[in-house]
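Comments concern the structure below.
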Amino acid sequence: MRGRCRTAWGRAGAWRGRRHSVVVRLGAVAVVLGTTAAVIPGQAASAAAGASGTAQSPSPYAFADDARSIKGARSTADAVALTPGTAYKSSLPSSGKVNYRLELDATSNAYVSVTAVPSPGSTVSVIDGIKVSVEDDDGTPCSDERASFGAARSPHPIAAWGRREISPIKPLCREAGTYYVTVERVDPKGEGSSPDAWDLELVAMTEPRTAKTGPTSAPEVWNSASPQPLQGEAEDRRGGAGFAGATPLDQGVWRDDIRPGQTLFYEVPVDWGQQLQVTADLGSSASGGTGYAPDALDLDLYNPARGPVADVGVGYNGGQKSGSLPPLPPVDHANRNAAIGQIGAMRFAGSYYLVAHLAESVADSFGDGPFPMTLRVKVSGQARSGPEYVGESEPKGVFEVSEQDREAAAEGVAGGDDTAMRVVAVGGIGTGSALLVGLGVWTVVARRRNAG
């Protein structure tokens with residue numbers, strides 16, 4: 001699996017904390033104060049930089065607003081417990097392991113996603129990254145996975161997941177009890193890696209057992225032909241600054257601008273039985289520069305548990321370039337039984353994340369940009385009913401697609417944002433005027449609802 005890493009941070013929902021302290025909320029109204037341009041969800045940090053008169057640069061990773069700060073323990077004996085459905089912020093030193101604890105039953109699958117965020121100014125080697133492992137209380141390994149930065153050596157947030165799975169074909173790690181999550185650097189002393197501590201965002205989730213025992217092998221027949229990129233006129237859709245602030249997308253052709261060193265986050269609802277195909281285009285440079293940047297644009301796909309699915313790297317020489325994610329199967333509970341990781345990761349319905357990173361090295365030959373990026377997103381197949389779960393996932397609803405999710409994807413606004421909160425564009429006016437405008441919007445929306 002090719003390394004993954006990105007430059008952005010956060011997401012929204014129950015455990016996906018709402019973001020940005022520059023937003024004032026009045027009931028159903030959100031008003032952005034003191035900005036000089038319209039603010040789009042996931043971009044408030046950039047707007048704040050512009051308002052302060054500083055040069056705009058890629059926003060740092062936006063952790064979930066409600067993330068709890070905890071310290072990873074050097075010894076498992078001191079490990080802090082992770083509560084499924086809660087986001088945490090922690091830190092990873094350049095050397096050694098940090099440990100966290102899970103208390104699990106004997107029936108639920110558990111997933112822990114760890115997003116590592118290199119400190120500003122860090123440098124990394126090709127193979128540097130993170131390793132996430134899960135073990136039971138007797139040291140029996142349940143899973144381990146690595147994520148690295150790849151050939152571009154461009155530092156940005158990278159994510160890997162750990163798993164405790166209950167399966168008839170996996171005899172280990174089935175018992176109820178204490179499990180440990182261990183996180184460590186892969187190559188802290190490698191050539192080009194700086195010894196900085198990295199921030200971590202951790203999210204644990206649980207998936208209940210199914211009412212009926214399912215198949216023990218993955219579906220063998222599915223459309224594995226190379227995807228044909230979706231055509232059509234591109235619509236603007238600004239990416240978010242992290243998992244917690246990912247911008248919803250549905251099927252369509254979407255245009256965004258990206259700068260070297262920046263990472264943008266999007267989420268696409270994919271239901272049971274549906275197949276996702278994505279192509280990324282990087283537009284030609286207007287700078288007239290020459291050169292070549294390997295893996296200049298890195299596009300990664302993550303599943304609803306923030307587990308890595310697939311990725312594609314697009315090299316860049318200043319001309320128009322394009323790359324597609326490999327063919328992926330329709331979402332199916334039985335995919336988890338596949339020997340191939342890409343297929344196994346397409347194991348549940350929900351919001352799948354697209355994470356686009358433009359390597360810092362692009363600026364060396366082609367300037368600071370921004371560079372036009374187009375995402376061609378196709379969701380094919382009829383949505384169908386999923387497995388009958390016994391109990392609820394944690395967080396609730398994370399492994400399903402709701403009508404609210406579909407509406408959010410169509411409108412490009414995170415689920416839970418009220419209609420009035422979507423009108424977030426107050427430019428160059430004072431605080432008092434902004435509040436009055438916000439109240440006016442709220443009043444108009446309230447009257448329309450009452451009239452309906």
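Ordering of the structure tokens sets the chain letters (A, B, ...); residue numbers start at 1 within each chain; ligands are numbered from 1 in the order shown.
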Every residue of range 87-197 of chain A that DSSP places in strand (DSSP E or B), as a ChimeraX atom specification: /A:87-92,97-104,109-117,129-136,141-148,158-164,167,170,177-185
Shell around range 319-332 of chain A at 6 Å using only C-alpha atoms, local window under 6 positions removed, as a list in words: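 Counting only C-alpha atoms, the residues come to Ser224, Ser226, Trp272, Gly273, Gln274, Gln275, Val278, Thr279, Ala280, Asp281, Leu282, Gly283, Ser284, Asp311, Val312, Met346 and Arg347 of chain A.
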Please produce a file of those selected residues containing all heavy atoms, as a compact mmCIF listing (two decimals), in the first residue's frame.
```txt
# COMPACT_ATOMS: atom_id res chain seq x y z
N SER A 224 -15.20 -4.68 -12.46
CA SER A 224 -13.84 -4.26 -12.14
C SER A 224 -13.16 -3.57 -13.32
O SER A 224 -11.94 -3.44 -13.35
CB SER A 224 -13.01 -5.46 -11.69
OG SER A 224 -12.98 -6.45 -12.72
N SER A 226 -11.83 -0.59 -15.70
CA SER A 226 -11.29 0.73 -15.39
C SER A 226 -12.38 1.78 -15.54
O SER A 226 -13.13 1.78 -16.53
CB SER A 226 -10.12 1.07 -16.33
OG SER A 226 -9.05 0.16 -16.14
N TRP A 272 -25.05 0.87 0.70
CA TRP A 272 -24.88 -0.55 0.42
C TRP A 272 -25.23 -0.84 -1.04
O TRP A 272 -26.24 -0.36 -1.56
CB TRP A 272 -25.79 -1.39 1.32
CG TRP A 272 -25.53 -1.22 2.79
CD1 TRP A 272 -26.29 -0.51 3.68
CD2 TRP A 272 -24.44 -1.78 3.53
NE1 TRP A 272 -25.73 -0.58 4.93
CE2 TRP A 272 -24.60 -1.36 4.88
CE3 TRP A 272 -23.34 -2.59 3.20
CZ2 TRP A 272 -23.71 -1.73 5.89
CZ3 TRP A 272 -22.47 -2.95 4.21
CH2 TRP A 272 -22.64 -2.53 5.52
N GLY A 273 -24.37 -1.57 -1.71
CA GLY A 273 -24.61 -1.95 -3.10
C GLY A 273 -24.12 -0.92 -4.11
O GLY A 273 -24.18 -1.18 -5.31
N GLN A 274 -23.64 0.23 -3.66
CA GLN A 274 -23.20 1.26 -4.59
C GLN A 274 -21.69 1.20 -4.79
O GLN A 274 -20.93 0.81 -3.92
CB GLN A 274 -23.62 2.64 -4.09
CG GLN A 274 -25.12 2.85 -4.11
CD GLN A 274 -25.52 4.26 -3.81
OE1 GLN A 274 -25.01 4.91 -2.90
NE2 GLN A 274 -26.48 4.78 -4.59
N GLN A 275 -21.27 1.65 -5.98
CA GLN A 275 -19.87 1.60 -6.38
C GLN A 275 -19.36 3.02 -6.63
O GLN A 275 -20.02 3.81 -7.29
CB GLN A 275 -19.73 0.76 -7.65
CG GLN A 275 -18.32 0.36 -8.02
CD GLN A 275 -18.31 -0.69 -9.13
OE1 GLN A 275 -19.32 -0.93 -9.79
NE2 GLN A 275 -17.17 -1.33 -9.32
N VAL A 278 -13.68 7.61 -8.88
CA VAL A 278 -13.22 8.99 -8.76
C VAL A 278 -11.99 9.21 -9.63
O VAL A 278 -11.05 8.40 -9.63
CB VAL A 278 -12.86 9.35 -7.30
CG1 VAL A 278 -12.44 10.82 -7.21
CG2 VAL A 278 -14.03 9.08 -6.37
N THR A 279 -12.01 10.32 -10.38
CA THR A 279 -10.85 10.76 -11.16
C THR A 279 -10.50 12.18 -10.74
O THR A 279 -11.39 13.01 -10.53
CB THR A 279 -11.17 10.73 -12.67
OG1 THR A 279 -11.40 9.38 -13.08
CG2 THR A 279 -10.01 11.30 -13.49
N ALA A 280 -9.20 12.45 -10.61
CA ALA A 280 -8.73 13.78 -10.25
C ALA A 280 -7.93 14.37 -11.40
O ALA A 280 -7.05 13.70 -11.95
CB ALA A 280 -7.87 13.73 -8.99
N ASP A 281 -8.25 15.60 -11.79
CA ASP A 281 -7.51 16.32 -12.83
C ASP A 281 -6.78 17.49 -12.18
O ASP A 281 -7.36 18.23 -11.37
CB ASP A 281 -8.45 16.87 -13.90
CG ASP A 281 -9.24 15.79 -14.61
OD1 ASP A 281 -8.79 14.63 -14.61
OD2 ASP A 281 -10.32 16.12 -15.16
N LEU A 282 -5.52 17.67 -12.54
CA LEU A 282 -4.76 18.83 -12.10
C LEU A 282 -4.51 19.69 -13.33
O LEU A 282 -3.89 19.25 -14.30
CB LEU A 282 -3.45 18.40 -11.46
CG LEU A 282 -2.63 19.49 -10.74
CD1 LEU A 282 -3.45 20.12 -9.62
CD2 LEU A 282 -1.33 18.91 -10.20
N GLY A 283 -5.02 20.93 -13.31
CA GLY A 283 -4.94 21.81 -14.47
C GLY A 283 -3.53 22.31 -14.74
O GLY A 283 -2.63 22.25 -13.89
N SER A 284 -3.32 22.80 -15.94
CA SER A 284 -2.01 23.29 -16.35
C SER A 284 -1.62 24.54 -15.57
O SER A 284 -2.48 25.31 -15.12
CB SER A 284 -1.98 23.56 -17.85
OG SER A 284 -2.96 24.52 -18.19
N ASP A 311 -5.52 4.79 -3.22
CA ASP A 311 -4.97 6.11 -3.52
C ASP A 311 -4.42 6.12 -4.93
O ASP A 311 -4.20 5.08 -5.55
CB ASP A 311 -3.88 6.47 -2.52
CG ASP A 311 -2.69 5.54 -2.60
OD1 ASP A 311 -2.75 4.43 -2.03
OD2 ASP A 311 -1.71 5.91 -3.26
N VAL A 312 -4.18 7.33 -5.44
CA VAL A 312 -3.55 7.50 -6.74
C VAL A 312 -2.65 8.73 -6.67
O VAL A 312 -3.00 9.74 -6.03
CB VAL A 312 -4.59 7.66 -7.87
CG1 VAL A 312 -5.47 8.87 -7.66
CG2 VAL A 312 -3.90 7.72 -9.23
N MET A 346 -13.93 -1.73 1.72
CA MET A 346 -15.27 -1.31 1.26
C MET A 346 -16.33 -2.16 1.95
O MET A 346 -17.17 -2.79 1.33
CB MET A 346 -15.36 -1.46 -0.26
CG MET A 346 -14.33 -0.66 -1.05
SD MET A 346 -14.55 1.13 -0.90
CE MET A 346 -16.13 1.37 -1.72
N ARG A 347 -16.31 -2.14 3.27
CA ARG A 347 -17.09 -3.07 4.06
C ARG A 347 -18.35 -2.51 4.68
O ARG A 347 -19.14 -3.24 5.25
CB ARG A 347 -16.23 -3.64 5.18
CG ARG A 347 -15.75 -2.60 6.19
CD ARG A 347 -14.90 -3.22 7.28
NE ARG A 347 -13.70 -3.86 6.74
CZ ARG A 347 -12.94 -4.70 7.44
NH1 ARG A 347 -13.25 -4.98 8.68
NH2 ARG A 347 -11.87 -5.22 6.89
```
Gap from CA of Gly261 in chain A to CA of Pro195 in chain A - Å, one decimal: 19.6 Å
Proximity to Thr76 in chain A - best of A:Tyr111, A:Tyr352, A:Phe371, A:Tyr100, only C-alpha atoms: A:Tyr100
Distance query range 162-171 of chain A at most 6 Å, only C-alpha atoms, self and fewer than 6 positions along chain excluded, as a ChimeraX atom specification: /A:109-112,132-134,142-143
Selected residue, from A:Asp405, A:Asp298, A:Glu411, A:Asp271, that lies nearest to Ala383 in chain A when counting only C-alpha atoms: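 Of A:Asp405, A:Asp298, A:Glu411, A:Asp271, the one nearest Ala383 in chain A, counting only C-alpha atoms, is A:Asp271.
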Nearest to Gly313 in chain A, chosen from A:Pro370, A:Gly150, A:Gly85, A:Gly192, with only C-alpha atoms counted in the distances: A:Gly150
Polymer residues at most 10 Å from Arg255 in chain A, only C-alpha atoms, same-chain spacing of 6 or more positions, as a list of chain:residue names: A:Glu233, A:Ala234, A:Glu235, A:Asp236, A:Arg237, A:Arg238, A:Gly239, A:Ala280, A:Asp281, A:Pro372, A:Met373, A:Thr374, A:Leu375, A:Arg376
Range 198-201 of chain A surroundings by only C-alpha atoms, 10 Å radius, close-in-sequence under 3 positions cut, as a VMD selection string: chain A and resid 9 to 10 61 to 64 67 to 70 72 87 to 94 113 to 120 122 157 to 159 183 185 195 243
Give me, as a CSV table (one decimal) with N, CA, C and O atoms, in the first residue's frame, all polymer residues having an atom no more than 10 Å from Gly288 in chain A, counting only C-alpha atoms and skipping those fewer than 6 positions away in the same chain.
```csv
chain,number,residue,atom,x,y,z
A,318,GLY,N,3.7,20.6,-15.3
A,318,GLY,CA,3.1,21.9,-15.7
A,318,GLY,C,2.0,21.8,-16.6
A,318,GLY,O,1.3,22.8,-16.8
A,319,GLY,N,1.8,20.7,-17.2
A,319,GLY,CA,0.6,20.5,-18.2
A,319,GLY,C,-0.5,19.8,-17.5
A,319,GLY,O,-0.4,19.3,-16.4
A,365,SER,N,9.0,24.5,-8.9
A,365,SER,CA,9.1,24.7,-10.3
A,365,SER,C,8.0,25.5,-10.9
A,365,SER,O,8.2,26.2,-12.0
A,366,PHE,N,6.8,25.5,-10.2
A,366,PHE,CA,5.7,26.1,-10.9
A,366,PHE,C,5.0,27.2,-10.0
A,366,PHE,O,3.9,27.7,-10.4
A,367,GLY,N,5.6,27.6,-8.9
A,367,GLY,CA,5.1,28.7,-8.2
A,367,GLY,C,4.1,28.3,-7.1
A,367,GLY,O,3.8,27.1,-7.0
```
CA of Gly96 in chain A to CA of Arg153 in chain A, straight-line distance in Å: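 CA of Gly96 in chain A lies at a distance of 22.0 Å from CA of Arg153 in chain A.
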CA of Leu230 in chain A to CA of Ala296 in chain A, straight-line distance in Å: 22.3 Å
Residue nearest Tyr316 in chain A - candidates A:Ala152, A:Val379, A:Ala218, A:Gln231, atoms counted: only C-alpha atoms: A:Ala152
Selected residue of minimal separation from Gly289 in chain A among A:Glu360, A:Asp368, A:Asp250, A:Glu191, counting only C-alpha atoms: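 Distance minimum relative to Gly289 in chain A lands on A:Asp368.
Taking only C-alpha atoms into account, Ile343 in chain A lies nearest to A:Ser217 out of the set A:Ser217, A:Thr210, A:Gln404, A:Ser361.
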Residue set, range 292-412 of chain A restricted to helix (DSSP H, G or I), as a list in words: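 The helix (DSSP H, G or I) residues within range 292-412 of chain A come out as His333, Ala334, Asn335, Arg336, Asn337, Gly341, Gln342, Ile343, Gly344, Val362, Ala363, Asp364, Ser365, Phe366, Glu403, Gln404, Asp405, Arg406, Glu407, Ala408, Ala409, Ala410 and Glu411 of chain A.
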